[in-house]
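Have a look at the structure below before the remarks.
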Amino acid sequence: MSWGLVATAAATVVGGALANDASRKGSNAQKDAANASSAEQRRQFDMLYNDQQPYREAGGAAVRELAGLSGYDPTPSAQDVLNEPGYQFGLDQGRNAIQGTAAARGGLYSGQALKELTQFGGDYATTRFGQANDRKQQAFGNRWNRLASLAGLGQTSVQQSGAAGLNLGGLIGNNMMGAANAQAASGLQRANIWGNAAGQLGGYMAWNGGRKQNPRSSFRYDDPYRTPGYVGGDEGE
């Protein structure tokens, strides 16, 4: 085996190895960049998800409380009205006023006094019931609205977290696809590199073998101005 063949083979193998290593490093660098990008995107998503957690929890609790209130009727009962602070005091004051007036007329126990007392009691109860009902309805409405507002915040938070999750999935999927494509391209490139190296080495070995069989050939493998297989002498000889 000639030193030229050894040198050519070594150069071909070394060149192929260097190109192969460069392709592998480039592919790994792209894969590492994709993994780093996915990790950062997940970190950002985790931050958002954790920041939204109090709103989701508050919204969930509000929804459960609203569900419990969905069949509640805030209309007060008669006993609720009677138990209201000041109810009995106002009733007694009105009765005392009517009785005092009737006594001053000399008809404390007259039918007119009884009629006035009955009328007052009915009107007073109706008025106080309306006031109590208004207060309860308003209080219930305020409570419902506050809970509905919290539930809305929770719903918005869930939607935002869900949208961020879908976006994260798409981004990570793209990163994985990009890394896979880079790996595949690198594998193909490396196969081509070694294929070309093997082709070059085989071509040189074939030339060298032919040269041994035809020693009169003056063709040199590295001479681009010579034609393979030329067996004549140099021009001018």
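Simple scheme: letters A, B, ... for chains in structure tokens order, numbers from 1 for residues in each chain, numbers from 1 for ligands in the order shown.
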
(Q) I'd like the neighbourhood of Ala132 of chain A as a PyMOL selection string, where a residue qualifies if any of its atoms comes within 9 Å (using only C-alpha atoms), though same-chain residues fewer than 2 positions away should be ignored. (A) chain A and resi 75-76+80-81+84+127-130+134-137

**Q.** Shortest interatomic distance to Gln160 of chain A - which of A:Leu48, A:Leu117, A:Ala97, A:Ala39, counting only C-alpha atoms
**A.** A:Leu48

Q.
For a test of reading the model, state the distance in Å between atom CA of Gly94 of chain A and atom CA of Phe120 of chain A, rounded to one decimal.
A.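 Interatomic distance, atom CA of Gly94 of chain A to atom CA of Phe120 of chain A: 7.4 Å.
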
Q) Excluding same-chain residues fewer than 2 positions from Ala58 of chain A, what lies within 9 Å of it counting only C-alpha atoms, as a PyMOL selection string? A) chain A and resi 53-56+60-63+150-151+153-154

File dump, residues just selected, C-alpha atoms, as a PDB file, in the first residue's frame:
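Output file out-v4.pdb is given in full below:
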```
ATOM      1  CA  GLN A  53     -54.909  29.919  42.028  1.00  0.00           C
ATOM      2  CA  PRO A  54     -56.520  32.240  44.644  1.00  0.00           C
ATOM      3  CA  TYR A  55     -59.031  33.471  42.062  1.00  0.00           C
ATOM      4  CA  ARG A  56     -59.912  29.936  41.016  1.00  0.00           C
ATOM      5  CA  GLY A  60     -65.125  27.774  43.143  1.00  0.00           C
ATOM      6  CA  ALA A  61     -66.246  28.526  46.700  1.00  0.00           C
ATOM      7  CA  ALA A  62     -68.588  31.246  45.400  1.00  0.00           C
ATOM      8  CA  VAL A  63     -70.144  28.872  42.869  1.00  0.00           C
ATOM      9  CA  LEU A 150     -66.346  36.171  42.693  1.00  0.00           C
ATOM     10  CA  ALA A 151     -67.605  33.302  40.570  1.00  0.00           C
ATOM     11  CA  LEU A 153     -63.387  36.065  38.593  1.00  0.00           C
ATOM     12  CA  GLY A 154     -62.901  32.350  39.079  1.00  0.00           C
TER      13      GLY A 154
END
```

Q: Between A:Gln112, A:Gln131, A:Ser70, A:Thr126, single out the one closest to Leu147 of chain A, counting only C-alpha atoms.
A: A:Ser70

Q.
Going by DSSP on the backbone, which residues of segment 49-134 of chain A come out as helix (DSSP H, G or I)? List them as a count of residues only.
A. 69

Would you give me, as CSV, each residue of segment 21-129 of chain A having an atom within 8 Å of an atom of segment 168-175 of chain A, along with its shortest atom pair and that distance in Å to one decimal, using only C-alpha atoms and sorting by chain and residue number?
```
residue,atom,partner,partner_atom,distance
A:Ala34,CA,A:Asn175,CA,5.1
A:Asn35,CA,A:Asn175,CA,7.3
A:Ser37,CA,A:Asn175,CA,7.6
A:Ser38,CA,A:Ile172,CA,5.3
A:Gln41,CA,A:Leu168,CA,6.7
A:Arg42,CA,A:Leu168,CA,6.9
A:Phe45,CA,A:Leu168,CA,7.2
```

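Within the 12 Å cut-off around Asn96 of chain A, using only C-alpha atoms and omitting residues fewer than 3 positions from it on the same chain, the listed residues are Phe89, Gly90, Leu91, Asp92, Gln93, Gln99, Gly100, Thr101, Ala102, Ala103, Leu108, Ala113, Glu116, Leu117, Phe120 and Gly121 of chain A.
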
Take the residues from that selection and put them in a file with N, CA, C and O atoms, as a PDB file, in the first residue's frame.
```
ATOM      1  N   PHE A  89     -92.147  47.923  70.079  1.00  0.00           N
ATOM      2  CA  PHE A  89     -92.158  49.284  70.622  1.00  0.00           C
ATOM      3  C   PHE A  89     -93.040  50.197  69.772  1.00  0.00           C
ATOM      4  O   PHE A  89     -93.857  50.967  70.291  1.00  0.00           O
ATOM      5  N   GLY A  90     -92.899  50.110  68.466  1.00  0.00           N
ATOM      6  CA  GLY A  90     -93.720  50.948  67.588  1.00  0.00           C
ATOM      7  C   GLY A  90     -95.194  50.597  67.696  1.00  0.00           C
ATOM      8  O   GLY A  90     -96.055  51.492  67.662  1.00  0.00           O
ATOM      9  N   LEU A  91     -95.478  49.309  67.816  1.00  0.00           N
ATOM     10  CA  LEU A  91     -96.884  48.889  67.950  1.00  0.00           C
ATOM     11  C   LEU A  91     -97.483  49.420  69.251  1.00  0.00           C
ATOM     12  O   LEU A  91     -98.617  49.943  69.263  1.00  0.00           O
ATOM     13  N   ASP A  92     -96.740  49.303  70.326  1.00  0.00           N
ATOM     14  CA  ASP A  92     -97.235  49.784  71.621  1.00  0.00           C
ATOM     15  C   ASP A  92     -97.429  51.292  71.625  1.00  0.00           C
ATOM     16  O   ASP A  92     -98.425  51.802  72.164  1.00  0.00           O
ATOM     17  N   GLN A  93     -96.511  52.008  71.013  1.00  0.00           N
ATOM     18  CA  GLN A  93     -96.628  53.460  70.974  1.00  0.00           C
ATOM     19  C   GLN A  93     -97.869  53.894  70.192  1.00  0.00           C
ATOM     20  O   GLN A  93     -98.597  54.817  70.591  1.00  0.00           O
ATOM     21  N   GLN A  99    -105.422  54.971  72.176  1.00  0.00           N
ATOM     22  CA  GLN A  99    -106.191  54.823  73.427  1.00  0.00           C
ATOM     23  C   GLN A  99    -106.221  56.129  74.219  1.00  0.00           C
ATOM     24  O   GLN A  99    -107.228  56.485  74.837  1.00  0.00           O
ATOM     25  N   GLY A 100    -105.100  56.850  74.179  1.00  0.00           N
ATOM     26  CA  GLY A 100    -105.087  58.138  74.888  1.00  0.00           C
ATOM     27  C   GLY A 100    -106.072  59.114  74.271  1.00  0.00           C
ATOM     28  O   GLY A 100    -106.775  59.843  74.979  1.00  0.00           O
ATOM     29  N   THR A 101    -106.131  59.130  72.951  1.00  0.00           N
ATOM     30  CA  THR A 101    -107.065  60.026  72.278  1.00  0.00           C
ATOM     31  C   THR A 101    -108.514  59.629  72.584  1.00  0.00           C
ATOM     32  O   THR A 101    -109.367  60.486  72.836  1.00  0.00           O
ATOM     33  N   ALA A 102    -108.759  58.300  72.536  1.00  0.00           N
ATOM     34  CA  ALA A 102    -110.118  57.818  72.816  1.00  0.00           C
ATOM     35  C   ALA A 102    -110.522  58.121  74.256  1.00  0.00           C
ATOM     36  O   ALA A 102    -111.671  58.504  74.535  1.00  0.00           O
ATOM     37  N   ALA A 103    -109.562  57.998  75.177  1.00  0.00           N
ATOM     38  CA  ALA A 103    -109.874  58.282  76.589  1.00  0.00           C
ATOM     39  C   ALA A 103    -110.181  59.747  76.783  1.00  0.00           C
ATOM     40  O   ALA A 103    -111.060  60.130  77.566  1.00  0.00           O
ATOM     41  N   LEU A 108    -112.947  55.376  75.550  1.00  0.00           N
ATOM     42  CA  LEU A 108    -111.807  54.465  75.540  1.00  0.00           C
ATOM     43  C   LEU A 108    -112.205  53.070  75.080  1.00  0.00           C
ATOM     44  O   LEU A 108    -111.464  52.418  74.347  1.00  0.00           O
ATOM     45  N   ALA A 113    -113.039  53.389  69.051  1.00  0.00           N
ATOM     46  CA  ALA A 113    -111.672  53.170  69.516  1.00  0.00           C
ATOM     47  C   ALA A 113    -111.167  51.785  69.096  1.00  0.00           C
ATOM     48  O   ALA A 113    -110.012  51.624  68.670  1.00  0.00           O
ATOM     49  N   GLU A 116    -110.337  51.832  65.425  1.00  0.00           N
ATOM     50  CA  GLU A 116    -109.080  52.530  65.156  1.00  0.00           C
ATOM     51  C   GLU A 116    -107.872  51.678  65.547  1.00  0.00           C
ATOM     52  O   GLU A 116    -106.857  51.665  64.853  1.00  0.00           O
ATOM     53  N   LEU A 117    -108.008  50.977  66.658  1.00  0.00           N
ATOM     54  CA  LEU A 117    -106.910  50.108  67.082  1.00  0.00           C
ATOM     55  C   LEU A 117    -106.683  48.969  66.084  1.00  0.00           C
ATOM     56  O   LEU A 117    -105.536  48.632  65.752  1.00  0.00           O
ATOM     57  N   PHE A 120    -105.159  50.397  62.910  1.00  0.00           N
ATOM     58  CA  PHE A 120    -103.741  50.723  63.117  1.00  0.00           C
ATOM     59  C   PHE A 120    -102.886  49.459  63.126  1.00  0.00           C
ATOM     60  O   PHE A 120    -101.809  49.417  62.516  1.00  0.00           O
ATOM     61  N   GLY A 121    -103.354  48.425  63.833  1.00  0.00           N
ATOM     62  CA  GLY A 121    -102.574  47.180  63.920  1.00  0.00           C
ATOM     63  C   GLY A 121    -102.343  46.567  62.544  1.00  0.00           C
ATOM     64  O   GLY A 121    -101.231  46.112  62.232  1.00  0.00           O
TER      65      GLY A 121
END
```
